[in-house]
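Note sheet for the following structure.
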Amino acid sequence: MRFSLTKHNLSSFIQKLKELDYSKMWRVEVKEGKHSRSVDQNKYLWHIYRILGNHLGYENPEELHELLSYRFLREEKEIQGEKVIVITRTSTLNTKEFNDYIEQVKFFAYQYGCKLPNYEEI
């Protein structure tokens, strides 16, 4: 069972715990949750992808998304001694990480002479 606990649903959580089969052993892990990126953040990102894509000559914003994700969201990992590149998906970023990524995209655009609108300007 996964449960996002807030002060408003504590009693519901306690009820779910009471309903567990106590003939079995259970492990409960509590960790701080993080808000994932919002729909509005995602709309803004794709809006600026289209603007930047037009500026750079990319007709397909999906291609630009892949290129910029590779540039800014890649990390090197090791699998049985072999180095591999892993690209973090933007859908897995929390709101702060997503904002940081957007800022990297905007700075990249600026370096190529493309002024992108701020979120409030769209």
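Residue numbering restarts at 1 in every chain; chains get A, B, ... in the order shown in the structure tokens, and ligands count up from 1 in that same order.
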Handout entry: Test item, strand (DSSP E or B) assignment across range 11-78 of chain A, answer as a list in words
Key = Ser36, Arg74, Glu75, Glu76, Lys77 and Glu78 of chain A
With N, CA and C atoms retained, write the just-selected residues as a short mmCIF file (atom, residue, chain, number, x, y, z; two decimals), in the first residue's frame.
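Output file result19.cif follows:
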```cif
data_model
loop_
_atom_site.label_atom_id
_atom_site.label_comp_id
_atom_site.auth_asym_id
_atom_site.auth_seq_id
_atom_site.Cartn_x
_atom_site.Cartn_y
_atom_site.Cartn_z
N SER A 36 5.43 16.55 -7.39
CA SER A 36 5.94 16.40 -8.75
C SER A 36 5.59 17.63 -9.56
N ARG A 74 21.21 14.11 -18.00
CA ARG A 74 21.89 12.82 -18.09
C ARG A 74 22.80 12.62 -16.88
N GLU A 75 22.97 11.37 -16.54
CA GLU A 75 23.94 11.03 -15.52
C GLU A 75 24.56 9.70 -15.88
N GLU A 76 25.77 9.53 -15.46
CA GLU A 76 26.51 8.31 -15.76
C GLU A 76 26.34 7.34 -14.59
N LYS A 77 25.98 6.10 -14.94
CA LYS A 77 25.87 5.06 -13.93
C LYS A 77 26.72 3.89 -14.37
N GLU A 78 26.88 2.95 -13.49
CA GLU A 78 27.70 1.79 -13.81
C GLU A 78 26.88 0.52 -13.60
#
```
Practice task
May I have the residues within 10 Å of range 53-60 of chain A as a VMD selection string, using only C-alpha atoms and disregarding those fewer than 3 positions away in the same chain?
Solution key: chain A and resid 47 to 50 63 to 65 109 112 to 115
Kindly save the residues from that selection, with N, CA and C atoms included, as a tab-separated table (two decimals), in the first residue's frame.
```tsv
chain	number	residue	atom	x	y	z
A	47	HIS	N	5.76	24.96	-24.38
A	47	HIS	CA	5.60	26.25	-25.07
A	47	HIS	C	6.98	26.82	-25.43
A	48	ILE	N	7.89	26.81	-24.47
A	48	ILE	CA	9.21	27.37	-24.77
A	48	ILE	C	10.01	26.45	-25.69
A	49	TYR	N	9.75	25.14	-25.64
A	49	TYR	CA	10.38	24.24	-26.62
A	49	TYR	C	9.99	24.64	-28.05
A	50	ARG	N	8.70	24.96	-28.25
A	50	ARG	CA	8.26	25.34	-29.60
A	50	ARG	C	8.93	26.63	-30.06
A	63	GLU	N	11.95	16.30	-30.52
A	63	GLU	CA	13.38	16.11	-30.78
A	63	GLU	C	14.21	17.05	-29.91
A	64	LEU	N	13.76	18.30	-29.81
A	64	LEU	CA	14.46	19.27	-28.97
A	64	LEU	C	14.41	18.83	-27.51
A	65	HIS	N	13.27	18.30	-27.10
A	65	HIS	CA	13.11	17.79	-25.72
A	65	HIS	C	14.14	16.70	-25.44
A	109	ALA	N	18.84	28.77	-24.37
A	109	ALA	CA	18.20	29.57	-25.43
A	109	ALA	C	18.84	30.95	-25.52
A	112	TYR	N	21.96	31.23	-27.43
A	112	TYR	CA	21.79	31.16	-28.89
A	112	TYR	C	20.91	32.29	-29.41
A	113	GLY	N	20.77	33.35	-28.60
A	113	GLY	CA	20.07	34.54	-29.05
A	113	GLY	C	18.56	34.43	-29.06
A	114	CYS	N	18.01	33.51	-28.30
A	114	CYS	CA	16.56	33.33	-28.26
A	114	CYS	C	16.05	33.74	-26.88
A	115	LYS	N	15.28	34.80	-26.85
A	115	LYS	CA	14.69	35.27	-25.59
A	115	LYS	C	13.35	34.57	-25.40
```
Practice task
Identify which of the residues A:Ser4, A:Ser69, A:Thr90, A:Thr95 lies closest to Glu32 in chain A, counting only C-alpha atoms when measuring atom-to-atom distances.
Solution key: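 Looking only at the distances to Glu32 in chain A, the closest residue turns out to be A:Ser4.
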Exercise for the section: Show which residues sit within 10 Å of range 10-17 of chain A, as a PyMOL selection string. Count only C-alpha atoms, and ignore same-chain residues fewer than 6 positions away. Expected result: chain A and resi 1+3-4+26+28
Selected residues written out, N, CA and C atoms, as a PDB file, in the first residue's frame:
```pdb
ATOM      1  N   MET A   1       0.858  -1.171   0.000  1.00  0.00           N
ATOM      2  CA  MET A   1       0.000   0.000   0.000  1.00  0.00           C
ATOM      3  C   MET A   1       0.899   1.226   0.000  1.00  0.00           C
ATOM      4  N   PHE A   3       0.640   5.456   0.450  1.00  0.00           N
ATOM      5  CA  PHE A   3      -0.298   6.419   1.014  1.00  0.00           C
ATOM      6  C   PHE A   3       0.406   7.752   1.158  1.00  0.00           C
ATOM      7  N   SER A   4      -0.209   8.808   0.655  1.00  0.00           N
ATOM      8  CA  SER A   4       0.332  10.158   0.844  1.00  0.00           C
ATOM      9  C   SER A   4      -0.364  10.761   2.053  1.00  0.00           C
ATOM     10  N   TRP A  26       4.619  -6.743   8.717  1.00  0.00           N
ATOM     11  CA  TRP A  26       4.578  -5.596   7.803  1.00  0.00           C
ATOM     12  C   TRP A  26       5.732  -4.667   8.102  1.00  0.00           C
ATOM     13  N   VAL A  28       6.761  -0.670   7.590  1.00  0.00           N
ATOM     14  CA  VAL A  28       6.225   0.648   7.270  1.00  0.00           C
ATOM     15  C   VAL A  28       7.401   1.598   7.121  1.00  0.00           C
TER      16      VAL A  28
END
```
Problem - Shell of 12 Å around Asp100 in chain A, only C-alpha atoms, local chain residues under 2 positions omitted, as a PyMOL selection string - result: chain A and resi 37+41+45+72-73+90+93-98+102-107
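Closest approach to Val39 in chain A among A:Ser23, A:Ser91, A:Gln111, A:Asn118 is made by A:Ser91 (distances from only C-alpha atoms).
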Problem - Between CA of Ile85 in chain A and CA of Glu66 in chain A - distance in Å to one decimal - result: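 These two atoms are separated by 13.5 Å.
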